[in-house]
Each structure stands twice: as structure tokens, then as C-alpha cells.
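**Student:** I'd like to ask you about the structure that follows.
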Amino acid sequence: MSEATLPDLYPATAPYRHGFLPEKDGHAVYFEESGQASGVPVVFLHGGPGSGCGPRHRQLFHPTHVRAVLFDQRGCGRSQAKRPLQANTTADLIDDIERLREHLQIDRWLVVGGSWGGGLGLAYASAHPGRCTGAVIRGVFLSRPTDLHWFFEDAQQCMPDAWAALTRHLQVNGSTVMAQLIQRVSHGHDEEALTAALAWQAWENALTNRRFQDLPLTQPSASEASTLLAKYRLQSHYLQHHCFFPKEGLLSQLGPLHAMPVTLLHGRLDWICRPESAWSVHQQLPHSQLRMIDNAGHNPFEAPMTAALVQEINALVESIRTQG
């Protein structure tokens with residue numbers, strides 16, 4: 001079944017409102033609202049770092065019960081900045097989320113995030129627990145050294161052919177794969193940077209979808225190349241700083257969430273973010289609900305994960321509506 005016809009997604013819908021937050025630090029952050037203005041407020045945090053929100057993300061939310069707020073993080077998607085890496089840290093993103101909540105005059109909202117957006121969601125909710133009614137976190141990325149080593153090195157045991165294709169462009173006996181990719185994407189000449197970004201993207205797609213064909217890298221258009229380089233340069237900026245999480249790691253900061261409803265979803269076949277990540281969060285938050293999803297990996301639009309994600313969002317939304 002194609003992703004476009006997944007039965008658990010709600011029908012496609014257009015935003016009823018969109019715009020930009022007042023510019024700060026040279027960043028104009030794009031946001032949109034969909035669903036029902038009188039519904040339960042939900043903020044959606046996209047992955048990456050460096051990706052953005054897309055139309056299908058709106059389809060995760062009940063069209064009449066939810067007021068869904070989506071936004072593109074600094075340097076991502078439709079957000080605008082002349083210097084996208086400047087003043088772009090996790091603390092800045094948390095500040096943007098709060099500014100967005102205040103701008104939309106929302107008292108409290110449910111936090112929904114996946115992958116990097118899951119880590120950001122936990123960081124935001126920990127910083128502002130009084131402004132959150134709960135959290136649904138999918139395929140969480142914690143940016144620990146072991147998480148980065150897994151993605152760039154150890155995951156080769158899952159897809160050795162895809163890893164061989166990735167490292168074909170590198171010197172595996174020199175510095176680490178991550179260091180070489182970041183160096184080439186961030187500081188290489190245009191052709192070298194684009195080749196590294198394309199190889200990185202192919203590796204990421206192979207792990208996400210658990211499929212790989214060793215085909216020549218497809219050369220994108222000038223516009224597509226610019227977008228791709230922007231994404232992986234921003235991701236490089238975050239990863240080399242461990243996503244600007246505290247030195248002792250994000251897990252040490254979750255204390256404020258002990259009174260908050262938190263649902264964790266993780267695919268048992270997730271080769272991007274290991275299931276151990278969700279288990280570690282669950283150990284820090286024993287009251288949280290953890291669901292390991294069989295036959296699902298990192299892609300939120302695989303049928304088993306989509307069904308679980310929509311179900312758990314609806315469960316918390318209904319709980320909030322009943323309490324309200």
C-alpha cells in the first residue's frame with residue numbers, strides 16, 4: 001500500500017491560518033494551523049535536524065477535535081534566515097516554541113514529535129512542563145555519543161551494502177565517517193559537498209526504509225541541491241554539538257515530566273534510532289506508556305507506526321477533552 005493511501009491518516013487538509021513569528025536573531029519562523037480552532041491545541045515538532053513539516057503531518061490529527069500547530073524550525077523548510085546556522089541551537093528552538101504558543105494565545109498544548117523532534121519535544125516539555133498537557137514521542141533521538149556512533153558506524157551491520165556505498169566516497173581508515181561527512185558537507189567545495197550530502201541522504205533513506213539498491217547517485221536540480229545542502233549543513237551543525245543537549249545528556253533533564261502523561265512509540269525495526277533509546281526514556285519516566293511497534297522502523301508513515309501514532313494522539317486528545 002502506498003504512503004498516500006494509508007488508511008489511518010485523516011483526509012488531506014489545508015491550513016486555515018499560516019504566517020511567520022516576529023523575526024528574532026535574524027530568523028523568521030514559519031507556522032501554520034489546521035483542524036479546528038476550538039479543538040485541543042497540539043504542537044508538532046518535525047525531525048532532522050534540518051527537515052521541515054509537510055502536508056501529511058497535518059493528517060495525523062483529528063480534523064475537528066484538534067487545533068494542530070505545525071512550524072518549520074530555524075533554518076528549515078519555509079522559515080527564513082540569511083544566516084541559518086547563526087543563533088540556531090536547541091535553546092533557541094525551545095524559545096521559538098514558547099514564543100509561538102504565546103503568539104497564538106494558547107495556554108497549554110499537547111506536544112507531538114518524532115526522531116529529532118521527539119528529543120526536542122522532551123527538552124521543551126522539561127523546560128516548560130506547566131505549558132504542556134502531555135507528550136507523544138515517536139522514535140526518539142537522544143544524540144548521545146553512542147547514538148551517533150550507531151548511525152554512522154555500527155548500523156553497517158544492518159545494511160553493509162548501503163554502508164559500503166556511503167563510505168565509497170570517504171577514507172574509512174582516516175577520521176570517523178561522521179567527521180568526514182560533516183567536514184565535506186560544511187566546508188567542502190560545491191561538488192564535494194553535494195556528493196557527500198547525496199551519499200548521506202542515500203544512507204539515511206536506506207536505514208529508514210530498510211531497502212537499498214546500489215545505484216549511481218542521482219544529480220538533483222540546482223534548487224534541489226540547494227535545499228539538500230541546507231538540510232545537511234544544519235544537521236551537521238547540530239550533530240557536531242550533540243544537538244546542544246546538556247553535557248550530561250537529555251535523560252538527566254526529564255525530572256519535570258514525572259507528573260505529565262507521556263506516551264513513547266518506537267519501531268522494533270528502527271535502524272536510525274535504536275529501540276533502546278525509548279527504553280532509556282521509559283526508565284527515567286516509569287509512569288510513561290511505552291509501545292514497541294512490531295513490523296515498523298523509523299518511518300512514521302509505515303502502516304503499523306501510523307496506526308499507533310494516530311491512536312495514541314487521539315487517546316491523549318480525548319483525555320484532555322474529557323478533563324477540559
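Note on naming: chains are A, B, ... as they come in the C-alpha cells, residues start from 1 per chain, ligands start from 1 in the order shown.
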Go through range 1-43 of chain A and flag each residue having an atom no more than 9 Å from range 47-61 of chain A; for those, report the closest pair of atoms plus their distance in Å to one decimal, using only C-alpha atoms, ordered by chain and rising number, as a Markdown table.
**Tutor:**
```
| residue | atom | partner | partner_atom | distance |
| --- | --- | --- | --- | --- |
| A:Ala4 | CA | A:Arg56 | CA | 8.4 |
| A:Asp8 | CA | A:Leu60 | CA | 8.1 |
| A:Leu9 | CA | A:Gln59 | CA | 5.3 |
| A:Tyr10 | CA | A:Gln59 | CA | 4.7 |
| A:Pro11 | CA | A:Gln59 | CA | 6.2 |
| A:Ala12 | CA | A:Gln59 | CA | 5.9 |
| A:Thr13 | CA | A:Arg58 | CA | 7.2 |
| A:Ala14 | CA | A:Pro55 | CA | 7.9 |
| A:Pro15 | CA | A:Arg58 | CA | 8.4 |
| A:Glu33 | CA | A:Arg58 | CA | 8.9 |
| A:Ser34 | CA | A:Arg58 | CA | 6.9 |
| A:Gly35 | CA | A:Phe61 | CA | 7.5 |
| A:Val42 | CA | A:Phe61 | CA | 8.7 |
```
**Student:** Residues near Pro22 in chain A, anyone? I mean within 10 Å using only C-alpha atoms, not counting same-chain ones fewer than 3 positions away, as a list in words.
**Tutor:**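 The filter keeps Gly19, Gly26, His27, Ala28, Val29, Tyr30, Arg99, Leu100 and His103 of chain A.
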**Student:** What would the file look like if the residues just selected were written as an mmCIF file, in the first residue's frame with N, CA and C atoms?
**Tutor:**
```cif
data_model
loop_
_atom_site.group_PDB
_atom_site.id
_atom_site.type_symbol
_atom_site.label_atom_id
_atom_site.label_comp_id
_atom_site.auth_asym_id
_atom_site.auth_seq_id
_atom_site.Cartn_x
_atom_site.Cartn_y
_atom_site.Cartn_z
ATOM 1 N N GLY A 19 1.578 31.852 8.779
ATOM 2 C CA GLY A 19 2.296 33.110 8.856
ATOM 3 C C GLY A 19 3.691 32.909 9.420
ATOM 4 N N GLY A 26 17.508 37.285 13.492
ATOM 5 C CA GLY A 26 17.646 37.104 12.057
ATOM 6 C C GLY A 26 16.828 35.962 11.488
ATOM 7 N N HIS A 27 15.960 35.354 12.305
ATOM 8 C CA HIS A 27 15.141 34.224 11.874
ATOM 9 C C HIS A 27 13.663 34.606 11.842
ATOM 10 N N ALA A 28 13.006 34.313 10.726
ATOM 11 C CA ALA A 28 11.555 34.431 10.607
ATOM 12 C C ALA A 28 11.002 33.010 10.535
ATOM 13 N N VAL A 29 10.336 32.571 11.581
ATOM 14 C CA VAL A 29 9.889 31.183 11.720
ATOM 15 C C VAL A 29 8.468 31.031 11.183
ATOM 16 N N TYR A 30 8.318 30.122 10.204
ATOM 17 C CA TYR A 30 7.018 29.852 9.588
ATOM 18 C C TYR A 30 6.187 28.935 10.485
ATOM 19 N N ARG A 99 7.508 31.220 22.172
ATOM 20 C CA ARG A 99 7.035 32.443 21.504
ATOM 21 C C ARG A 99 5.825 32.129 20.623
ATOM 22 N N LEU A 100 5.845 30.973 19.974
ATOM 23 C CA LEU A 100 4.719 30.576 19.135
ATOM 24 C C LEU A 100 3.473 30.342 19.973
ATOM 25 N N HIS A 103 2.224 33.696 20.971
ATOM 26 C CA HIS A 103 1.711 34.409 19.799
ATOM 27 C C HIS A 103 0.311 33.936 19.440
#
```
**Student:** Run DSSP on the backbone and give me the residues of range 201-280 of chain A it puts in strand (DSSP E or B), as a ChimeraX atom specification.
**Tutor:** /A:262-267
**Student:** Could you pull out the helix (DSSP H, G or I) residues of range 147-279 of chain A, going by DSSP on the backbone, and write them as JSON, numbers by chain?
**Tutor:** {"A": [147, 148, 149, 150, 151, 152, 154, 155, 156, 157, 160, 161, 162, 163, 164, 165, 166, 167, 177, 178, 179, 180, 181, 182, 183, 184, 185, 186, 187, 190, 191, 192, 193, 194, 195, 196, 197, 198, 199, 200, 201, 202, 203, 204, 205, 206, 207, 208, 209, 222, 223, 224, 225, 226, 227, 228, 229, 230, 231, 232, 233, 234, 235, 236, 237, 238, 239, 242, 243, 244, 250, 251, 252, 253, 255, 256, 257, 275, 276, 277, 278, 279]}
**Student:** Of the candidates A:Asn299, A:Ser143, A:Gln284, A:Gln156, which one gets nearest to Pro256 in chain A if we count only C-alpha atoms?
**Tutor:** A:Gln284
**Student:** From the set A:His298, A:Arg184, A:Lys82, A:Arg321, which residue has the shortest atom-to-atom contact distance to Arg274 in chain A, counting only C-alpha atoms?
**Tutor:**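 Under the stated criterion, the closest residue is A:His298.
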**Student:** When you draw a straight line from CA of Asn205 in chain A to CA of Phe44 in chain A, how long is it in Å?
**Tutor:**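 Distance reported for this atom pair: 22.1 Å.
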**Student:** Please provide the set of residues having any atom within 8 Å of range 84-86 of chain A, restricted to only C-alpha atoms, with same-chain residues fewer than 4 positions apart removed, written as a PDB file with N, CA and C atoms, in the first residue's frame.
**Tutor:**
```pdb
ATOM      1  N   ASP A  25      16.660  37.293  16.115  1.00  0.00           N
ATOM      2  CA  ASP A  25      18.016  36.792  15.825  1.00  0.00           C
ATOM      3  C   ASP A  25      18.235  36.559  14.335  1.00  0.00           C
ATOM      4  N   HIS A  27      15.960  35.354  12.305  1.00  0.00           N
ATOM      5  CA  HIS A  27      15.141  34.224  11.874  1.00  0.00           C
ATOM      6  C   HIS A  27      13.663  34.606  11.842  1.00  0.00           C
ATOM      7  N   ARG A  74      14.080  26.786  12.931  1.00  0.00           N
ATOM      8  CA  ARG A  74      15.020  27.753  12.371  1.00  0.00           C
ATOM      9  C   ARG A  74      15.889  27.101  11.293  1.00  0.00           C
ATOM     10  N   GLY A  75      15.983  27.755  10.168  1.00  0.00           N
ATOM     11  CA  GLY A  75      16.812  27.256   9.076  1.00  0.00           C
ATOM     12  C   GLY A  75      16.190  26.137   8.280  1.00  0.00           C
ATOM     13  N   GLN A  80      12.776  31.476   7.297  1.00  0.00           N
ATOM     14  CA  GLN A  80      13.711  32.289   6.526  1.00  0.00           C
ATOM     15  C   GLN A  80      14.814  32.856   7.417  1.00  0.00           C
ATOM     16  N   LEU A 234      22.755  22.152   8.219  1.00  0.00           N
ATOM     17  CA  LEU A 234      22.144  22.419   9.517  1.00  0.00           C
ATOM     18  C   LEU A 234      22.249  21.181  10.406  1.00  0.00           C
ATOM     19  N   HIS A 237      25.644  20.981  11.807  1.00  0.00           N
ATOM     20  CA  HIS A 237      25.791  21.982  12.867  1.00  0.00           C
ATOM     21  C   HIS A 237      25.283  21.433  14.197  1.00  0.00           C
TER      22      HIS A 237
END
```
**Student:** Any idea what's packed within 8 Å of Arg268 in chain A, counting only C-alpha atoms, ignoring anything in its chain fewer than 6 positions away? Could you give it as a ChimeraX atom specification?
**Tutor:** /A:275,292-297
**Student:** Next, the residues of the selection above should be written as an mmCIF file, in the first residue's frame with C-alpha atoms.
**Tutor:**
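Dumped everything to part.cif:
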```cif
data_model
loop_
_atom_site.group_PDB
_atom_site.id
_atom_site.type_symbol
_atom_site.label_atom_id
_atom_site.label_comp_id
_atom_site.auth_asym_id
_atom_site.auth_seq_id
_atom_site.Cartn_x
_atom_site.Cartn_y
_atom_site.Cartn_z
ATOM 1 C CA PRO A 275 14.694 0.976 20.426
ATOM 2 C CA MET A 292 7.205 -1.063 20.851
ATOM 3 C CA ILE A 293 5.641 -1.370 17.413
ATOM 4 C CA ASP A 294 6.197 -4.663 15.587
ATOM 5 C CA ASN A 295 6.966 -4.594 11.861
ATOM 6 C CA ALA A 296 7.787 -0.878 11.945
ATOM 7 C CA GLY A 297 11.009 1.055 11.629
#
```
**Student:** As an NGL selection string, please: the residues near Trp200 in chain A (cut-off 9 Å, only C-alpha atoms, same-chain neighbours under 5 positions excluded).
**Tutor:** :A and (166 or 181 or 195 or 205 or 232)
**Student:** Given the choices A:Asn88, A:Gln183, A:Thr227, A:Thr133, which gets closest to Leu110 in chain A if the distance is worked out from only C-alpha atoms?
**Tutor:** A:Thr133
**Student:** One decimal, in Å: what's the spacing between CA of Ala179 in chain A and CA of Ser226 in chain A?
**Tutor:**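 Atom-to-atom, CA of Ala179 in chain A and CA of Ser226 in chain A are spaced 21.4 Å apart.
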**Student:** Which residues are close to Phe151 in chain A, i.e. within 10 Å by only C-alpha atoms, leaving aside same-chain residues fewer than 5 positions away? Reply as a PyMOL selection string.
**Tutor:** chain A and resi 146+156+177-178+203-204+207+271-274
**Student:** Of the candidates A:Ile137, A:Leu70, A:Leu217, A:Ala193, which shows the shortest atom-to-atom distance to Ser288 in chain A, using only C-alpha atoms?
**Tutor:** A:Ile137
**Student:** Which value, in Å to one decimal, gives the distance between CA of Val40 in chain A and CA of Glu98 in chain A?
**Tutor:**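 That distance, rounded to one decimal, is 17.1 Å.
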**Student:** Which residues come within 10 Å of His128 in chain A, counting only C-alpha atoms, excluding same-chain residues fewer than 4 positions away, as a ChimeraX atom specification?
**Tutor:** /A:94,98,108,122-124,132,256-257
**Student:** Let me make sure I understand: among A:Pro220, A:Leu170, A:His149, A:Leu228, which one has the smallest atom-to-atom distance to Ala197 in chain A if we use only C-alpha atoms?
**Tutor:**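 Looking only at the distances to Ala197 in chain A, the closest residue turns out to be A:Leu228.
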